[in-house]
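For reference, start03.txt is printed below; it contains compact mmCIF, C-alpha atoms.
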# COMPACT_ATOMS: atom_id res chain seq x y z
CA MET A 1 91.21 102.19 122.00
CA ILE A 2 94.35 103.92 123.18
CA ALA A 3 95.52 107.26 121.78
CA LEU A 4 98.59 108.44 123.64
CA SER A 5 99.97 111.97 123.37
CA PRO A 6 103.34 111.92 125.16
CA ARG A 7 105.17 115.17 125.91
CA SER A 8 108.77 113.95 125.64
CA LEU A 9 110.78 111.55 123.50
CA ASP A 10 111.70 109.42 126.53
CA GLU A 11 108.04 109.03 127.41
CA ALA A 12 107.18 108.10 123.81
CA VAL A 13 110.00 105.51 123.64
CA ARG A 14 108.80 103.98 126.93
CA HIS A 15 105.23 103.71 125.64
CA LEU A 16 106.43 102.03 122.47
CA ALA A 17 108.64 99.60 124.40
CA ASP A 18 105.70 98.67 126.65
CA ASP A 19 103.30 98.25 123.74
CA PRO A 20 104.93 97.52 120.38
CA ALA A 21 101.48 97.48 118.72
CA LEU A 22 101.22 101.27 119.07
CA VAL A 23 101.30 103.01 115.69
CA PRO A 24 103.35 106.25 115.82
CA VAL A 25 101.58 109.04 113.93
CA ALA A 26 102.32 112.69 113.14
CA GLY A 27 100.52 114.78 110.49
CA CYS A 28 98.34 111.77 109.51
CA THR A 29 98.04 112.90 105.86
CA ASP A 30 98.98 109.44 104.56
CA LEU A 31 97.25 107.50 107.32
CA MET A 32 93.81 109.10 107.17
CA VAL A 33 93.18 108.31 103.50
CA ARG A 34 92.52 104.71 104.56
CA GLY A 35 88.96 105.83 105.33
CA PRO A 36 86.75 105.68 108.43
CA GLU A 37 86.20 101.90 108.56
CA ALA A 38 89.91 101.09 108.52
CA LEU A 39 90.70 103.94 110.90
CA HIS A 40 88.12 102.78 113.42
CA ARG A 41 89.80 99.39 113.46
CA MET A 42 93.04 101.07 114.60
CA ASP A 43 93.09 100.69 118.34
CA ARG A 44 96.47 102.00 119.45
CA VAL A 45 98.14 105.17 118.24
CA LEU A 46 101.04 107.21 119.59
CA ASP A 47 101.00 110.90 118.69
CA LEU A 48 104.47 112.30 117.91
CA LEU A 49 103.39 115.92 117.32
CA GLY A 50 103.81 116.88 120.99
CA LEU A 51 107.46 115.80 121.26
CA PRO A 52 109.76 118.85 121.43
CA GLU A 53 112.74 116.67 120.43
CA LEU A 54 111.09 116.11 117.04
CA ARG A 55 110.47 119.79 116.30
CA GLY A 56 112.59 122.58 114.97
CA ILE A 57 115.45 123.22 112.57
CA CYS A 58 118.87 123.83 114.10
CA ALA A 59 122.44 124.29 112.97
CA VAL A 60 124.94 121.64 114.12
CA SER A 61 128.67 121.46 113.42
CA GLU A 62 128.23 119.08 110.46
CA GLY A 63 125.31 120.94 108.92
CA LEU A 64 121.62 121.28 109.74
CA GLU A 65 119.29 119.05 111.73
CA ILE A 66 115.56 118.99 111.05
CA GLY A 67 113.14 117.50 113.58
CA ALA A 68 111.14 114.59 112.17
CA ALA A 69 107.81 116.27 113.05
CA THR A 70 108.75 119.49 111.22
CA THR A 71 105.99 120.29 108.73
CA PHE A 72 106.58 121.09 105.07
CA THR A 73 105.24 124.59 105.74
CA GLU A 74 107.94 125.08 108.39
CA ILE A 75 110.54 123.75 105.95
CA ARG A 76 109.46 126.02 103.10
CA HIS A 77 109.60 129.05 105.40
CA SER A 78 113.03 128.22 106.85
CA ALA A 79 115.64 130.72 105.66
CA ALA A 80 118.43 128.36 106.81
CA ILE A 81 117.10 125.53 104.63
CA ARG A 82 116.51 127.82 101.66
CA ALA A 83 120.08 129.14 101.89
CA ALA A 84 121.86 125.79 102.13
CA PHE A 85 119.42 123.23 100.74
CA PRO A 86 117.21 124.90 98.11
CA ALA A 87 116.28 121.51 96.64
CA LEU A 88 114.53 120.67 99.91
CA THR A 89 112.69 124.00 99.90
CA ALA A 90 111.55 123.27 96.36
CA ALA A 91 110.27 119.82 97.37
CA ALA A 92 108.43 121.25 100.40
CA GLU A 93 106.75 123.82 98.13
CA GLN A 94 105.43 121.07 95.88
CA VAL A 95 104.27 118.47 98.39
CA GLY A 96 100.48 118.55 98.10
CA GLY A 97 98.80 121.93 98.56
CA TRP A 98 98.94 124.42 101.42
CA GLN A 99 96.66 122.32 103.65
CA ILE A 100 98.81 119.20 103.24
CA GLN A 101 102.02 121.18 103.81
CA ASN A 102 100.57 122.47 107.10
CA ARG A 103 100.16 118.92 108.41
CA GLY A 104 102.57 116.63 106.58
CA THR A 105 105.99 116.17 108.15
CA LEU A 106 109.44 115.31 106.81
CA GLY A 107 109.71 112.35 109.19
CA GLY A 108 106.30 111.14 108.11
CA ASN A 109 107.36 111.22 104.46
CA LEU A 110 110.38 109.07 105.42
CA ALA A 111 108.60 106.61 107.70
CA ASN A 112 105.58 106.18 105.43
CA ALA A 113 108.18 104.94 102.92
CA SER A 114 106.20 105.45 99.74
CA PRO A 115 108.53 105.16 96.72
CA ALA A 116 106.78 108.35 95.50
CA GLY A 117 107.57 110.46 98.60
CA ASP A 118 108.65 113.83 97.20
CA SER A 119 111.28 114.70 99.79
CA LEU A 120 113.03 111.34 99.66
CA PRO A 121 115.16 111.77 96.50
CA VAL A 122 116.20 115.16 97.88
CA LEU A 123 117.38 113.60 101.14
CA LEU A 124 119.33 111.00 99.11
CA ALA A 125 120.93 113.65 96.90
CA LEU A 126 121.84 115.73 99.95
CA ASP A 127 123.42 112.68 101.66
CA ALA A 128 121.16 112.90 104.73
CA THR A 129 121.55 110.87 107.89
CA VAL A 130 118.47 109.71 109.78
CA ILE A 131 118.60 109.69 113.59
CA LEU A 132 116.48 107.09 115.38
CA ALA A 133 115.69 106.66 119.08
CA GLY A 134 114.78 103.41 120.82
CA PRO A 135 114.98 101.78 124.23
CA ALA A 136 118.76 101.28 123.79
CA GLY A 137 119.35 104.95 122.92
CA GLN A 138 119.89 106.74 119.64
CA ARG A 139 121.50 105.46 116.46
CA GLU A 140 122.13 106.87 113.02
CA VAL A 141 121.30 105.38 109.64
CA ARG A 142 122.53 106.75 106.33
CA MET A 143 119.67 107.82 104.11
CA ASP A 144 120.72 105.41 101.35
CA GLY A 145 120.22 102.52 103.79
CA PHE A 146 116.97 103.73 105.36
CA HIS A 147 114.49 102.37 102.83
CA THR A 148 115.11 98.63 102.75
CA GLY A 149 112.28 97.49 100.44
CA TYR A 150 108.83 98.42 99.22
CA ARG A 151 107.36 100.44 102.10
CA LYS A 152 109.99 99.00 104.44
CA THR A 153 112.44 101.00 106.55
CA ALA A 154 115.40 100.42 108.85
CA LEU A 155 113.25 101.44 111.84
CA ALA A 156 113.35 98.52 114.30
CA PRO A 157 110.31 97.70 116.45
CA GLY A 158 110.21 100.23 119.27
CA GLU A 159 112.18 102.89 117.39
CA ILE A 160 111.05 106.44 116.60
CA LEU A 161 112.47 108.66 113.84
CA VAL A 162 113.77 111.74 115.65
CA ARG A 163 115.77 113.98 113.33
CA ILE A 164 117.23 114.23 109.86
CA ARG A 165 120.74 115.66 109.48
CA LEU A 166 121.92 117.30 106.28
CA PRO A 167 125.69 117.81 105.95
CA HIS A 168 127.07 121.10 104.63
CA PRO A 169 127.36 120.69 100.86
CA PRO A 170 130.73 121.50 99.25
CA ALA A 171 131.11 125.12 98.10
CA GLY A 172 129.59 125.71 94.70
CA THR A 173 127.18 122.79 94.91
CA VAL A 174 124.33 122.98 92.40
CA GLN A 175 121.03 121.52 93.61
CA ALA A 176 117.93 120.68 91.63
CA PHE A 177 114.50 119.19 92.28
CA ARG A 178 111.88 118.23 89.73
CA LYS A 179 108.57 116.55 90.19
CA VAL A 180 106.59 115.26 87.23
CA GLY A 181 102.91 114.79 88.08
CA THR A 182 99.50 115.13 86.51
CA ARG A 183 99.54 118.79 87.46
CA GLU A 184 101.91 121.13 89.26
CA ALA A 185 100.29 120.93 92.68
CA GLN A 186 98.68 118.29 94.84
CA ALA A 187 99.58 115.37 92.56
CA ILE A 188 101.37 112.19 93.54
CA SER A 189 104.54 112.03 91.46
CA LYS A 190 104.90 109.97 88.31
CA VAL A 191 108.64 110.61 88.58
CA VAL A 192 110.52 112.75 91.09
CA VAL A 193 114.23 113.55 90.78
CA ALA A 194 116.88 115.41 92.78
CA LEU A 195 120.49 116.32 92.06
CA ALA A 196 123.37 117.73 94.08
CA GLY A 197 126.70 118.16 92.38
CA HIS A 198 129.67 120.45 91.97
CA VAL A 199 132.23 121.21 89.32
CA GLU A 200 135.94 121.87 89.97
CA GLY A 201 138.49 122.76 87.32
CA GLY A 202 136.05 122.02 84.51
CA ARG A 203 135.22 118.49 85.76
CA ILE A 204 132.26 117.14 87.71
CA ALA A 205 133.97 116.61 91.06
CA GLY A 206 130.95 115.37 93.00
CA ILE A 207 127.53 114.17 91.97
CA ARG A 208 124.56 112.57 93.68
CA LEU A 209 121.42 111.83 91.68
CA ALA A 210 118.30 110.23 93.13
CA ALA A 211 114.78 109.46 91.96
CA GLY A 212 111.42 108.32 93.25
CA SER A 213 108.51 106.41 91.66
CA VAL A 214 110.97 104.49 89.48
CA ALA A 215 111.61 101.47 91.74
CA ALA A 216 110.28 99.83 94.91
CA THR A 217 112.12 102.41 97.03
CA PRO A 218 113.51 105.87 96.36
CA VAL A 219 116.90 105.19 94.73
CA ARG A 220 120.30 106.75 94.11
CA LEU A 221 121.06 106.67 90.39
CA ARG A 222 124.53 105.27 90.96
CA ALA A 223 125.22 104.12 87.41
CA ALA A 224 124.36 107.58 86.07
CA GLU A 225 126.54 109.18 88.75
CA ALA A 226 129.47 106.90 87.86
CA ALA A 227 128.96 107.61 84.16
CA ILE A 228 129.58 111.32 84.56
CA LEU A 229 131.83 111.76 87.59
CA GLY A 230 135.05 113.36 86.36
CA SER A 231 133.55 114.35 83.02
CA SER A 232 133.33 117.90 81.81
CA PRO A 233 129.82 119.30 82.10
CA GLY A 234 127.86 119.82 78.90
CA LEU A 235 125.41 118.24 76.53
CA VAL A 236 127.31 114.99 75.86
CA THR A 237 127.72 114.35 79.57
CA ALA A 238 124.09 115.27 80.30
CA GLU A 239 122.79 112.92 77.61
CA ARG A 240 124.94 110.09 78.96
CA ALA A 241 123.57 110.70 82.46
CA GLY A 242 119.96 110.61 81.22
CA ARG A 243 120.42 107.45 79.15
CA THR A 244 122.20 105.66 81.96
CA ALA A 245 119.58 106.66 84.52
CA ALA A 246 116.74 105.38 82.32
CA ARG A 247 118.51 102.00 82.02
CA GLU A 248 119.27 101.49 85.70
CA VAL A 249 115.76 101.89 87.18
CA GLN A 250 112.87 99.42 87.47
CA PRO A 251 109.66 101.45 87.09
CA ILE A 252 106.24 99.81 86.89
CA ASP A 253 102.91 100.48 85.20
CA ASP A 254 100.33 101.67 87.73
CA VAL A 255 97.32 103.97 88.03
CA ARG A 256 99.48 107.09 87.80
CA SER A 257 101.74 106.29 84.86
CA THR A 258 103.50 103.63 82.82
CA ALA A 259 106.98 102.19 83.10
CA ASP A 260 107.79 103.49 79.60
CA TYR A 261 106.72 107.02 80.39
CA ARG A 262 108.61 107.00 83.67
CA ARG A 263 111.85 105.97 81.95
CA PHE A 264 111.30 108.59 79.26
CA ALA A 265 110.57 111.36 81.79
CA LEU A 266 113.47 110.33 84.02
CA GLU A 267 115.90 110.46 81.08
CA ARG A 268 114.75 113.96 80.13
CA VAL A 269 114.71 115.32 83.68
CA VAL A 270 118.17 113.92 84.51
CA ARG A 271 119.59 115.28 81.25
CA ARG A 272 118.22 118.74 81.95
CA MET A 273 119.43 118.73 85.55
CA VAL A 274 122.95 117.67 84.60
CA LEU A 275 122.98 120.43 81.97
CA GLY A 276 122.53 122.82 84.89
CA LEU A 277 125.89 121.77 86.39
CA THR A 278 128.43 124.51 85.78
CA MET B 279 86.24 108.92 124.36
CA SER B 280 85.55 112.65 124.72
CA THR B 281 87.73 115.31 123.08
CA ALA B 282 87.49 118.97 124.08
CA PHE B 283 88.48 121.79 121.74
CA LEU B 284 87.50 125.31 120.71
CA LEU B 285 85.12 125.46 117.76
CA ASN B 286 84.74 128.97 116.32
CA GLY B 287 85.74 130.37 119.70
CA ARG B 288 83.32 128.24 121.70
CA ALA B 289 84.40 125.33 123.94
CA VAL B 290 82.92 122.05 122.70
CA GLU B 291 83.31 118.37 123.51
CA ALA B 292 82.96 115.63 120.95
CA ASP B 293 82.51 111.94 121.64
CA GLY B 294 83.90 109.44 119.24
CA HIS B 295 86.65 107.12 118.17
CA PRO B 296 89.99 108.94 118.47
CA MET B 297 90.69 108.25 114.79
CA SER B 298 87.33 109.68 113.67
CA ARG B 299 87.73 112.25 110.94
CA LEU B 300 87.29 115.81 112.19
CA LEU B 301 85.11 116.30 109.08
CA ASP B 302 82.54 113.75 110.30
CA VAL B 303 82.58 115.07 113.87
CA LEU B 304 81.93 118.62 112.65
CA ARG B 305 79.09 117.65 110.34
CA GLU B 306 77.35 114.84 112.16
CA GLN B 307 77.94 115.59 115.81
CA LEU B 308 78.39 119.34 116.02
CA GLY B 309 75.96 120.40 113.30
CA HIS B 310 78.54 122.35 111.31
CA THR B 311 77.53 121.19 107.85
CA GLY B 312 79.16 124.13 106.08
CA THR B 313 82.29 121.98 105.86
CA LYS B 314 81.78 119.70 102.84
CA GLU B 315 83.12 116.28 101.97
CA GLY B 316 84.38 116.14 98.41
CA CYS B 317 86.86 113.34 97.81
CA GLY B 318 87.51 112.23 101.38
CA GLU B 319 91.14 111.53 100.57
CA GLY B 320 92.95 114.82 100.76
CA GLU B 321 92.80 115.80 97.08
CA CYS B 322 90.03 118.36 96.71
CA GLY B 323 90.10 120.84 99.61
CA ALA B 324 86.30 121.03 100.05
CA CYS B 325 86.63 120.11 103.75
CA THR B 326 89.24 122.78 104.58
CA VAL B 327 89.03 124.21 108.11
CA ARG B 328 91.55 126.13 110.21
CA LEU B 329 93.47 124.31 112.94
CA ASP B 330 95.27 126.74 115.24
CA GLY B 331 95.01 129.33 112.48
CA SER B 332 96.36 127.22 109.60
CA PRO B 333 94.22 125.72 106.84
CA VAL B 334 94.09 121.91 106.98
CA LEU B 335 91.92 119.19 105.45
CA SER B 336 89.40 118.03 108.04
CA CYS B 337 89.07 114.64 106.30
CA LEU B 338 92.72 113.99 107.22
CA VAL B 339 92.66 115.20 110.85
CA PRO B 340 91.90 112.57 113.51
CA LEU B 341 89.68 113.76 116.33
CA PHE B 342 92.16 113.00 119.11
CA GLN B 343 94.73 115.41 117.67
CA CYS B 344 92.20 118.25 118.10
CA ALA B 345 92.29 118.08 121.91
CA GLY B 346 92.89 121.58 123.26
CA ARG B 347 93.26 123.04 119.77
CA ARG B 348 91.42 125.87 118.02
CA ILE B 349 89.21 124.85 115.09
CA GLU B 350 87.54 127.40 112.81
CA THR B 351 85.01 126.45 110.16
CA VAL B 352 83.46 128.43 107.34
CA GLU B 353 80.55 129.28 109.67
CA GLY B 354 82.87 130.97 112.16
CA ILE B 355 85.12 132.61 109.60
CA THR B 356 82.25 134.21 107.67
CA ALA B 357 79.99 135.04 110.64
CA ALA B 358 81.12 138.67 110.84
CA PRO B 359 83.74 139.26 108.15
CA GLU B 360 85.67 142.50 108.28
CA GLY B 361 88.15 144.39 106.13
CA PRO B 362 89.74 142.60 103.19
CA LEU B 363 87.75 139.40 103.80
CA ARG B 364 84.39 141.22 103.71
CA ASP B 365 85.38 142.99 100.50
CA ALA B 366 86.63 139.77 98.94
CA LEU B 367 83.44 137.85 99.82
CA GLU B 368 81.28 140.58 98.27
CA ARG B 369 83.37 140.49 95.09
CA PHE B 370 83.37 136.68 95.18
CA VAL B 371 79.59 136.73 94.72
CA ALA B 372 79.65 139.53 92.15
CA THR B 373 82.32 137.91 89.94
CA GLY B 374 80.68 134.48 89.78
CA GLY B 375 83.18 132.90 92.12
CA VAL B 376 80.36 130.58 93.20
CA GLN B 377 78.70 128.26 90.74
CA CYS B 378 77.62 124.85 92.07
CA GLY B 379 79.01 125.82 95.45
CA ALA B 380 80.40 122.46 96.62
CA CYS B 381 83.97 123.74 96.74
CA THR B 382 83.05 127.22 98.02
CA PRO B 383 83.28 126.69 101.80
CA GLY B 384 86.75 125.18 101.49
CA ILE B 385 87.89 127.89 99.11
CA VAL B 386 86.57 130.61 101.43
CA VAL B 387 88.47 129.14 104.40
CA THR B 388 91.69 128.97 102.37
CA LEU B 389 91.26 132.51 101.02
CA ALA B 390 90.44 133.90 104.47
CA SER B 391 93.68 132.35 105.73
CA LEU B 392 95.62 133.92 102.87
CA LEU B 393 94.05 137.35 103.47
CA ALA B 394 94.82 137.14 107.19
CA SER B 395 98.53 137.31 106.38
CA ASN B 396 98.40 139.14 103.05
CA ALA B 397 95.61 141.66 102.50
CA THR B 398 96.54 142.32 98.87
CA PRO B 399 97.71 139.05 97.34
CA SER B 400 98.82 138.87 93.71
CA ARG B 401 97.09 136.50 91.31
CA GLU B 402 100.08 134.18 91.59
CA GLU B 403 99.83 134.16 95.39
CA VAL B 404 96.13 133.37 95.18
CA ARG B 405 96.78 130.56 92.71
CA THR B 406 99.49 129.09 94.94
CA ALA B 407 97.27 129.30 98.03
CA LEU B 408 94.43 127.57 96.14
CA ALA B 409 96.61 124.73 94.78
CA GLY B 410 94.86 122.33 97.16
CA ASN B 411 91.29 123.45 96.40
CA LEU B 412 89.63 121.98 93.33
CA CYS B 413 86.78 123.82 91.57
CA ARG B 414 85.28 122.11 88.53
CA CYS B 415 82.77 124.84 87.58
CA THR B 416 84.31 128.27 87.55
CA GLY B 417 87.70 127.76 85.97
CA TYR B 418 88.87 129.85 88.95
CA GLU B 419 88.63 133.09 87.00
CA GLY B 420 85.85 134.61 89.13
CA ILE B 421 87.64 133.51 92.25
CA LEU B 422 90.91 135.10 91.12
CA ARG B 423 89.15 138.34 90.18
CA ALA B 424 87.49 138.49 93.58
CA LEU B 425 90.84 138.31 95.35
CA ALA B 426 93.13 140.16 92.99
CA PRO B 427 90.82 142.63 91.27
CA ALA B 428 93.52 145.13 90.36
CA GLU B 429 95.23 142.81 87.91
CA PRO B 430 93.91 142.41 84.38
CA GLU B 431 92.36 139.19 83.16
CA ARG B 432 94.51 136.98 81.06
Kindly present the structure from the file in structure tokens form.
Amino acid sequence: MIALSPRSLDEAVRHLADDPALVPVAGCTDLMVRGPEALHRMDRVLDLLGLPELRGICAVSEGLEIGAATTFTEIRHSAAIRAAFPALTAAAEQVGGWQIQNRGTLGGNLANASPAGDSLPVLLALDATVILAGPAGQREVRMDGFHTGYRKTALAPGEILVRIRLPHPPAGTVQAFRKVGTREAQAISKVVVALAGHVEGGRIAGIRLAAGSVAATPVRLRAAEAAILGSSPGLVTAERAGRTAAREVQPIDDVRSTADYRRFALERVVRRMVLGLT
Amino acid sequence: MSTAFLLNGRAVEADGHPMSRLLDVLREQLGHTGTKEGCGEGECGACTVRLDGSPVLSCLVPLFQCAGRRIETVEGITAAPEGPLRDALERFVATGGVQCGACTPGIVVTLASLLASNATPSREEVRTALAGNLCRCTGYEGILRALAPAEPER
């Protein structure tokens, strides 16, 4: 058994290049639920929590960069995130309970690639860019290309997720986050939705809608966006957005909910969010 | 593989698979059975301990990530309670905050962490802090009264 705890990103990338079977881990909140037997079969892990390059929240010229190993507690307490990206604060406040928020990381939510990951629709709606590091250096992947299939990501073998960049939203942008679960806290989402949009001269001048738990990956609701871009905000527009969103997704029946309920909830949540655009 | 950390202020070493759950190491190797296993999958909060001062679920913490860290269990946190925690624990008993008791150690660790940063939490703050601790007996009312006694019952 090898459990490596590197102290720099370069060191971590070298370890991973030398031994591609290493499993990078951070807060372990998704990993550990596999149970002791499965965990004891894991024989090579690479701890990312000690990498300073993956920590912290800092302003850059384009917006804000968040280290991949930043916990949801750190996100919910960040005044800079709350000021510019309140939808992300809202998601961080509703990921699990306090104990999970103290351990779970934004990068872990991305790399674990569950279609139900609460932060993922927010990152889509906020047009995030994901920064990866590998033996050949760093590269950037747009958030809407990061999840490539059910629990699959654009991370190549040997690559580590380093930071997430959120661009400054246009002035007057309205943001919203809504999670529908069995209860308010600590529940895996039945449907999770995020919106970022702005109105200029009485028309919706920009809109990004995204949802989780309604397809194999978190998805942009592009048909719903197209159906309302340029329209005047209001009930007719909001109802069109909800109906279109419900038609464009491919939810399934599973232990947490049914496809029918997910479409129904998505339609209502999207309608209400679009009504909030002013 | 041996992992050294501070347990309730005392230096300890634990042997085990690096991916062993901290919960199992505490209970089976270090004799700290105050920490309970409820669901074992991060839902119920019964196994809450403090890691470097923050409440975490010990069923979801692998042993190797504890190296050099500070772990506090319910035994350490309640050994000599002072101030708001002592008062809250006394009220906790008086208000019926304990019924079957399976969730109590985890709830006490979470509440002690809340009180460490906020000596007079509101009911809403207590409810938010306890979002990750399930209690199936009390309906939480006794627990809420123990922590936020000044506010009327609903």
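Using all atoms listed in the file, the nearest neighbour of Gly316 in chain B within the list B:Val376, B:Leu301, B:Ala282, B:Ala394 is B:Leu301.
With all atoms listed in the file as the basis for measurement, A:Ile204 is the residue among A:Cys58, A:Ile204, A:Ala210, A:Ile252 that approaches Pro233 in chain A most closely.
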Could you list, as number ranges by chain, every residue of chain B that has an atom within 10 Å of an atom of chain A, counting all atoms listed in the file? B: 279, 294-299, 302, 317-323, 326-329, 332-340, 342-343, 345, 388, 406-412
Residues near range 398-401 of chain B, cut-off 9 Å, all atoms listed in the file, skip fewer than 2 positions along chain, as a PyMOL selection string: chain B and resi 362+392-393+396+403-406+422-423+425-429
Could those selected residues go to a file with C-alpha atoms, as a PDB file, keeping the file's coordinate frame?
ATOM      1  CA  PRO B 362      89.740 142.600 103.190  1.00  0.00           C
ATOM      2  CA  LEU B 392      95.620 133.920 102.870  1.00  0.00           C
ATOM      3  CA  LEU B 393      94.050 137.350 103.470  1.00  0.00           C
ATOM      4  CA  ASN B 396      98.400 139.140 103.050  1.00  0.00           C
ATOM      5  CA  GLU B 403      99.830 134.160  95.390  1.00  0.00           C
ATOM      6  CA  VAL B 404      96.130 133.370  95.180  1.00  0.00           C
ATOM      7  CA  ARG B 405      96.780 130.560  92.710  1.00  0.00           C
ATOM      8  CA  THR B 406      99.490 129.090  94.940  1.00  0.00           C
ATOM      9  CA  LEU B 422      90.910 135.100  91.120  1.00  0.00           C
ATOM     10  CA  ARG B 423      89.150 138.340  90.180  1.00  0.00           C
ATOM     11  CA  LEU B 425      90.840 138.310  95.350  1.00  0.00           C
ATOM     12  CA  ALA B 426      93.130 140.160  92.990  1.00  0.00           C
ATOM     13  CA  PRO B 427      90.820 142.630  91.270  1.00  0.00           C
ATOM     14  CA  ALA B 428      93.520 145.130  90.360  1.00  0.00           C
ATOM     15  CA  GLU B 429      95.230 142.810  87.910  1.00  0.00           C
TER      16      GLU B 429
END
To one decimal place, how far is CA of Glu368 in chain B from CA of Pro383 in chain B in Å? 14.5 Å
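Taking all atoms listed in the file, the non-local environment of Leu64 in chain A within 10 Å (same-chain residues fewer than 5 positions away omitted) comprises Ile57, Cys58, Ala59, Ala80, Ile81, Ala84, Phe85, Ala128, Ile164, Arg165, Leu166, Pro167 and His168 of chain A.
Distance annotation: of B:Leu285, B:Cys381, B:Ala358, B:Leu341, the residue with the minimal separation from Glu315 in chain B is B:Cys381; atom set is only C-alpha atoms.
If you count only C-alpha atoms and ignore residues fewer than 3 places along the chain from Val141 in chain A, what sits within 8 Å of it is Thr129, Val130, Ile131, Leu132, Gly145, Phe146 and Ala154 of chain A.
Between Ala68 in chain A and the residues A:Arg256, A:Arg240, A:Arg163, A:Arg222, the shortest atom-to-atom distance, using only C-alpha atoms, involves A:Arg163.
Atom pair CA of Pro121 in chain A / CA of Val192 in chain A has a distance of 7.2 Å (rounded to one decimal).
Shortest atom-to-atom contact with Pro135 in chain A among A:Ala12, A:Leu54, A:Ala116, A:Val249: A:Ala12, counting all atoms listed in the file.
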Work out how far CA of Leu229 in chain A is from CA of Val122 in chain A, in Å to one decimal. 19.0 Å
Leaving out Ala357 in chain B and any residue of its chain fewer than 4 positions from it, which residues lie within 12 Å of it when counting all atoms listed in the file, given as a list in words? Asn286, Gly287, Gly312, Glu350, Thr351, Val352, Glu353, Leu363, Arg364 and Leu367 of chain B
Can you list, as a PyMOL selection string, every protein, DNA or RNA residue that comes within 7 Å of Leu120 in chain A when you count all atoms listed in the file, leaving out same-chain residues fewer than 3 positions away? chain A and resi 110+117+123-124+218
Residue nearest Asn109 in chain A among A:Val13, A:Arg142, A:Leu161, A:His77 (counting all atoms listed in the file): A:Leu161
Working from the structure I just supplied, which lacks atoms in range 185-198 of chain A, can you model N, CA and C atoms there and output them as an mmCIF file, in the coordinates of the input?
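Now in rebuild-v1.cif:
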data_model
loop_
_atom_site.group_PDB
_atom_site.id
_atom_site.type_symbol
_atom_site.label_atom_id
_atom_site.label_comp_id
_atom_site.auth_asym_id
_atom_site.auth_seq_id
_atom_site.Cartn_x
_atom_site.Cartn_y
_atom_site.Cartn_z
ATOM 1 N N ALA A 185 100.506 121.031 91.236
ATOM 2 C CA ALA A 185 100.290 120.930 92.680
ATOM 3 C C ALA A 185 99.465 119.709 93.022
ATOM 4 N N GLN A 186 99.622 119.235 94.247
ATOM 5 C CA GLN A 186 98.680 118.290 94.840
ATOM 6 C C GLN A 186 98.601 116.975 94.077
ATOM 7 N N ALA A 187 99.625 116.633 93.290
ATOM 8 C CA ALA A 187 99.580 115.370 92.560
ATOM 9 C C ALA A 187 100.662 114.448 93.111
ATOM 10 N N ILE A 188 100.344 113.163 93.177
ATOM 11 C CA ILE A 188 101.370 112.190 93.540
ATOM 12 C C ILE A 188 102.278 112.025 92.314
ATOM 13 N N SER A 189 103.588 111.965 92.570
ATOM 14 C CA SER A 189 104.540 112.030 91.460
ATOM 15 C C SER A 189 104.483 110.800 90.562
ATOM 16 N N LYS A 190 104.633 111.052 89.258
ATOM 17 C CA LYS A 190 104.900 109.970 88.310
ATOM 18 C C LYS A 190 106.395 109.662 88.338
ATOM 19 N N VAL A 191 107.190 110.711 88.434
ATOM 20 C CA VAL A 191 108.640 110.610 88.580
ATOM 21 C C VAL A 191 109.069 111.822 89.401
ATOM 22 N N VAL A 192 110.000 111.629 90.319
ATOM 23 C CA VAL A 192 110.520 112.750 91.090
ATOM 24 C C VAL A 192 112.037 112.580 91.192
ATOM 25 N N VAL A 193 112.784 113.645 90.938
ATOM 26 C CA VAL A 193 114.230 113.550 90.780
ATOM 27 C C VAL A 193 114.918 114.679 91.558
ATOM 28 N N ALA A 194 116.079 114.375 92.130
ATOM 29 C CA ALA A 194 116.880 115.410 92.780
ATOM 30 C C ALA A 194 118.346 115.222 92.418
ATOM 31 N N LEU A 195 119.065 116.330 92.383
ATOM 32 C CA LEU A 195 120.490 116.320 92.060
ATOM 33 C C LEU A 195 121.235 117.245 93.013
ATOM 34 N N ALA A 196 122.422 116.819 93.422
ATOM 35 C CA ALA A 196 123.370 117.730 94.080
ATOM 36 C C ALA A 196 124.738 117.411 93.496
ATOM 37 N N GLY A 197 125.406 118.426 92.986
ATOM 38 C CA GLY A 197 126.700 118.160 92.380
ATOM 39 C C GLY A 197 127.533 119.425 92.319
ATOM 40 N N HIS A 198 128.838 119.261 92.136
ATOM 41 C CA HIS A 198 129.670 120.450 91.970
ATOM 42 C C HIS A 198 130.798 120.177 90.980
#
